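Engineer: Dumping the structure here so I can ask a few things about it.
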Number of protein chains: 2
Amino acid sequence: MTYCIAIKTNNRLVFASDSRTNAGPDHVSTYSKMFKWGVPGERQFLLVSAGNLATTQAVVETIERDMKESAAENLLNIKYISAVADYIGRISLEAQNKNNNLGMMAGFNAESTFILGGQIGTEPANIFMIYPQGNHITCPETTPFLQIGEIKYGKPLLDRVITDKTTERDAVRAAMVSMDSTMRSNSTVGPPIEIQSYHINSLQPGKYKIFSANDPYWQLLSSNWAEKLLEAFLKLPELPDFPSDEPELTSVATSTQTQSNFK
Amino acid sequence: MTYCIAIKTNNRLVFASDSRTNAGPDHVSTYSKMFKWGVPGERQFLLVSAGNLATTQAVVETIERDMKESAAENLLNIKYISAVADYIGRISLEAQNKNNNLGMMAGFNAESTFILGGQIGTEPANIFMIYPQGNHITCPETTPFLQIGEIKYGKPLLDRVITDKTTERDAVRAAMVSMDSTMRSNSTVGPPIEIQSYHINSLQPGKYKIFSANDPYWQLLSSNWAEKLLEAFLKLPELPDFPSDEPELTSVATSTQTQSNFK
């Protein structure tokens with residue numbers, strides 16, 4: 001499984017991805033799910049992926065080969081970031097169909113989902129989720145983030161924290177805490193965790209950091225969040241009195257209590 | 001969708017369930033997913049369900065009819081709580097097969113999953129998750145809770161808070177916060193929320209409360225948790241310096257940056 005996050009604030013695109021590719025007991029391996037390409041001063045792209053690893057690798061290879069061979073459509077000549085999403089959707093679909101046509105067994109799933117972020121020249125920066133079907137969506141302004149893979153454990157925090165005014169520092173920490181909660185509840189998402197922060201309009205790659213499982217800051221953040229969460233929980237308002245425990249023993253021994261219905 | 005939680009501490013079984021049965025825009029309706037039966041001083045049972053509503057209703061009706069007709073096996077004469085789980089698994093499977101045999105269209109799913117909790121006489125109290133296949137599991141001692149339905153959004157908090165030593169007050173609040181996080185991130189889980197707390201060895205039904213969407217305590221808990229969570233987040237340790245933003249412009253304009261691999 002996988003968990004990737006892309007956050008779009010007023011001045012940053014912050015991407016985070018885990019690296020666990022197989023959480024079976026014999027073969028836990030890591031593989032980077034974050035890919036970056038760009039021409040400084042001209043265009044920058046960030047891609048994270050979830051799903052079939054063969055499809056992902058085929059897509060990445062095609063992207064790089066198309067640039068090398070100066071294909072009619074490639075990352076170096078496409079003019080709009082949404083057109084790049086279309087292009088990646090098309091090659092993803094081609095890679096899946098190629099695998100699906102090999103006469104695979106039932107249950108085989110070649111699908112991959114991607115999040116693309118980036119900026120081309122003076123066009124606005126944006127992030128897109130590219131579905132296995134090849135089409136794509138961007139995020140709503142009110143909840144300016146996208147997630148792929150094992151998204152649910154880490155969503156409540158993002159829902160509460162992320163707005164378009166979130167600072168880079170908070171966006172990175174929110175991504176890290178969301179990732180930490182997911183790893184704690186699901187062993188198929190695992191370190192190292194890669195974080196990339198693109199400064200909108202810089203057209204430079206931006207900041208990048210990879211956190212291993214024993215990174216001191218990651219461990220500090222994780223233990224600190226666990227403590228603070230528990231502390232916050234223990235300070236919640238007192239429960240009101242529930243209807244009295246152990247009601248009067250008026251029932252006959254063989255009667256059954258029926259369900260309490262809504263009032 | 002649905003979200004139900006069952007927590008087993010040293011002296012309590014705490015159950016919580018939502019009531020949303022259809023979150024389509026035209027037909028959001030509510031239906032209690034919590035059922036209780038018992039003979040005070042002798043036996044107590046709690047059941048929550050997720051999945052096909054027709055299967056759930058068929059199971060509940062069969063349970064009640066079997067008691068009324070004093071069937072060979074019914075809630076009033078079974079001797080062990082795990083045997084009650086077997087019994088419910090069997091009638092659930094029968095209800096599903098009946099529906100599946102009606103020649104339904106493809107995509108129809110009659111499955112229901114249940115959590116049963118309770119106690120019979122001097123036997124230990126326990127909770128069981130009953131799968132659609134009719135078999136069942138109990139919870140591990142280290143994470144003494146079970147969840148069914150839309151379980152992921154609300155799991156990280158339970159993972160951090162619940163142990164077998166958790167007080168009733170904390171178990172109820174943890175269930176409420178877990179439910180609140182789920183409702184905030186997923187509109188197919190909704191109020192009213194029912195909470196039942198059974199005092200182990202009391203053999204009495206215990207405490208029950210139903211919280212509507214505008215319940216003052218629920219609203220207080222929800223807003224207080226949102227505030228405290230944000231506060232905890234904003235006090236997390238400062239991010240270390242990321243490798244410098246905007247690197248030296250040494251690249252030639254047409255070069256592409258390749259992916260940073262793990263070090």
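Ligands are numbered from 1 in the order shown, residues from 1 within each chain, and chains are lettered A, B, ... in the order they appear in the structure tokens.
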Taking the DSSP secondary structure from the backbone, can you list the residues of segment 26-58 of chain A that are strand (DSSP E), as a list in words?

Structural biologist: Ser29, Thr30, Met34, Phe35, Lys36, Trp37, Gly38, Val39, Arg43, Gln44, Phe45, Leu46, Leu47, Val48, Ser49, Ala50 and Gly51 of chain A

Engineer: If we count only C-alpha atoms, what is near segment 126-139 of chain A at a cut-off of 6 Å, once residues fewer than 3 positions away on the same chain are taken out, given as a list in words?

Structural biologist: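 Near neighbours after the sequence-gap exclusion: Gly89, Arg90, Leu93, Glu111, Ser112, Thr113, Phe114, Ile115, Leu116, Gly117, Gly118, Pro144 and Phe145 of chain A.
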
Engineer: Grab the residues selected above and save them as an mmCIF file, in the first residue's frame with N, CA, C and O atoms.

Structural biologist:
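Output file out.cif is given in full below:
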```cif
data_model
loop_
_atom_site.group_PDB
_atom_site.id
_atom_site.type_symbol
_atom_site.label_atom_id
_atom_site.label_comp_id
_atom_site.auth_asym_id
_atom_site.auth_seq_id
_atom_site.Cartn_x
_atom_site.Cartn_y
_atom_site.Cartn_z
ATOM 1 N N GLY A 89 -2.066 10.939 -17.905
ATOM 2 C CA GLY A 89 -3.251 10.076 -17.907
ATOM 3 C C GLY A 89 -3.255 9.141 -19.111
ATOM 4 O O GLY A 89 -3.566 7.950 -18.999
ATOM 5 N N ARG A 90 -2.871 9.691 -20.262
ATOM 6 C CA ARG A 90 -2.853 8.893 -21.486
ATOM 7 C C ARG A 90 -1.795 7.794 -21.412
ATOM 8 O O ARG A 90 -2.091 6.620 -21.683
ATOM 9 N N LEU A 93 -2.810 5.057 -18.958
ATOM 10 C CA LEU A 93 -3.831 4.171 -19.522
ATOM 11 C C LEU A 93 -3.198 3.186 -20.507
ATOM 12 O O LEU A 93 -3.522 1.991 -20.521
ATOM 13 N N GLU A 111 -3.939 -0.962 -12.225
ATOM 14 C CA GLU A 111 -4.251 0.458 -12.037
ATOM 15 C C GLU A 111 -3.221 1.209 -11.198
ATOM 16 O O GLU A 111 -2.708 0.696 -10.207
ATOM 17 N N SER A 112 -2.940 2.433 -11.611
ATOM 18 C CA SER A 112 -2.148 3.356 -10.801
ATOM 19 C C SER A 112 -2.849 4.702 -10.775
ATOM 20 O O SER A 112 -3.488 5.100 -11.749
ATOM 21 N N THR A 113 -2.742 5.382 -9.629
ATOM 22 C CA THR A 113 -3.280 6.727 -9.489
ATOM 23 C C THR A 113 -2.093 7.643 -9.207
ATOM 24 O O THR A 113 -1.164 7.238 -8.510
ATOM 25 N N PHE A 114 -2.126 8.844 -9.767
ATOM 26 C CA PHE A 114 -1.003 9.770 -9.589
ATOM 27 C C PHE A 114 -1.493 11.109 -9.051
ATOM 28 O O PHE A 114 -2.650 11.473 -9.242
ATOM 29 N N ILE A 115 -0.615 11.820 -8.370
ATOM 30 C CA ILE A 115 -0.839 13.249 -8.153
ATOM 31 C C ILE A 115 0.308 13.983 -8.836
ATOM 32 O O ILE A 115 1.478 13.679 -8.599
ATOM 33 N N LEU A 116 -0.070 14.921 -9.694
ATOM 34 C CA LEU A 116 0.895 15.754 -10.401
ATOM 35 C C LEU A 116 0.812 17.165 -9.830
ATOM 36 O O LEU A 116 -0.278 17.674 -9.573
ATOM 37 N N GLY A 117 1.960 17.776 -9.600
ATOM 38 C CA GLY A 117 1.976 19.183 -9.202
ATOM 39 C C GLY A 117 3.033 19.878 -10.007
ATOM 40 O O GLY A 117 3.979 19.242 -10.491
ATOM 41 N N GLY A 118 2.902 21.180 -10.162
ATOM 42 C CA GLY A 118 3.961 21.881 -10.869
ATOM 43 C C GLY A 118 3.518 23.208 -11.416
ATOM 44 O O GLY A 118 2.416 23.697 -11.117
ATOM 45 N N PRO A 144 -7.623 22.507 0.215
ATOM 46 C CA PRO A 144 -6.626 22.513 -0.858
ATOM 47 C C PRO A 144 -5.573 21.419 -0.715
ATOM 48 O O PRO A 144 -4.378 21.711 -0.605
ATOM 49 N N PHE A 145 -6.024 20.164 -0.688
ATOM 50 C CA PHE A 145 -5.059 19.067 -0.694
ATOM 51 C C PHE A 145 -5.649 17.872 -1.418
ATOM 52 O O PHE A 145 -6.868 17.754 -1.577
#
```

Engineer: When distances are computed from only C-alpha atoms, which of A:Ala83, A:Val172, A:Lys155, A:Cys4 shows the smallest separation from Tyr198 of chain A?

Structural biologist: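 Of all the options, A:Val172 lies closest to Tyr198 of chain A.
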
Engineer: Counting only C-alpha atoms, figure out which residue out of B:Ile193, B:Leu146, B:Leu47, B:Ile200 gets nearest to Thr122 of chain B.

Structural biologist: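 When distances to Thr122 of chain B are compared using only C-alpha atoms, the smallest one comes from B:Ile200.
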
Engineer: For Trp218 of chain A, work out the shell of residues within 12 Å, counting only C-alpha atoms and skipping chain neighbours fewer than 4 positions away, then give it as a PyMOL selection string.

Structural biologist: (chain A and resi 172-173+175-177+179-180+191-195+209-214+222-225) or (chain B and resi 236-240)

Engineer: Just how far from atom CA of Lys152 of chain A is atom CA of Thr2 of chain B, in Å to one decimal?

Structural biologist: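 Computing it gives 14.7 Å between the two atoms.
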
Engineer: List the spatial neighbours of Gln57 of chain A as a count of residues only - criterion: any atom at most 10 Å away, only C-alpha atoms, same-chain residues fewer than 6 positions off excluded.

Structural biologist: 5

Engineer: In Å to one decimal, how far is atom CA of Pro124 of chain B from atom CA of Val84 of chain B?

Structural biologist: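 These atoms are spaced 13.4 Å apart.
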
Engineer: Work out how far apart atom CA of Gly190 of chain A and atom CA of Tyr153 of chain A are and give it in Å to one decimal.

Structural biologist: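 Pair atom CA of Gly190 of chain A / atom CA of Tyr153 of chain A returns 13.6 Å.
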
Engineer: Select, from B:Glu150, B:Glu69, B:Asp86, B:Asp164, the residue with the minimum atom-to-atom distance to chain A, counting only C-alpha atoms.

Structural biologist: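 Comparing B:Glu150, B:Glu69, B:Asp86, B:Asp164 against chain A, the winner is B:Glu150.
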
Engineer: Step one, run DSSP on the backbone; step two, keep only residues of segment 27-131 of chain B assigned to helix (DSSP H, G or I); then write them as a PyMOL selection string.

Structural biologist: chain B and resi 53-68+81-100

Engineer: With only C-alpha atoms as the counted atoms, please give the residues lying no more than 10 Å from Thr30 of chain B, apart from itself and same-chain residues fewer than 4 positions off, as an MDAnalysis selection string.

Structural biologist: (chainID A and resid 262) or (chainID B and resid 18:23 190:192)

Engineer: Which is closer to Ser17 of chain B than all the others in B:Gln44, B:Asn109, B:Gln147, B:Ser29, using only C-alpha atoms?

Structural biologist: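 Once distances to Ser17 of chain B are computed over only C-alpha atoms, the minimum belongs to B:Gln147.
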
Engineer: I'd like the contact shell of Thr167 of chain B - 12 Å cut-off, only C-alpha atoms, skipping same-chain residues fewer than 5 positions apart - returned as a PyMOL selection string.

Structural biologist: (chain A and resi 234) or (chain B and resi 7-14+161-162+172-174+197+199)

Engineer: Excluding segment 59-61 of chain B and any residue of its chain fewer than 3 positions from it, enumerate the residues within 9 Å of it, using only C-alpha atoms, and give them as a list in words.

Structural biologist: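 In the requested format, the answer is Phe35, Ala54, Thr55, Thr56, Glu64, Arg65, Asp66, Ile88, Ile91, Ser92, Glu94 and Ala95 of chain B.
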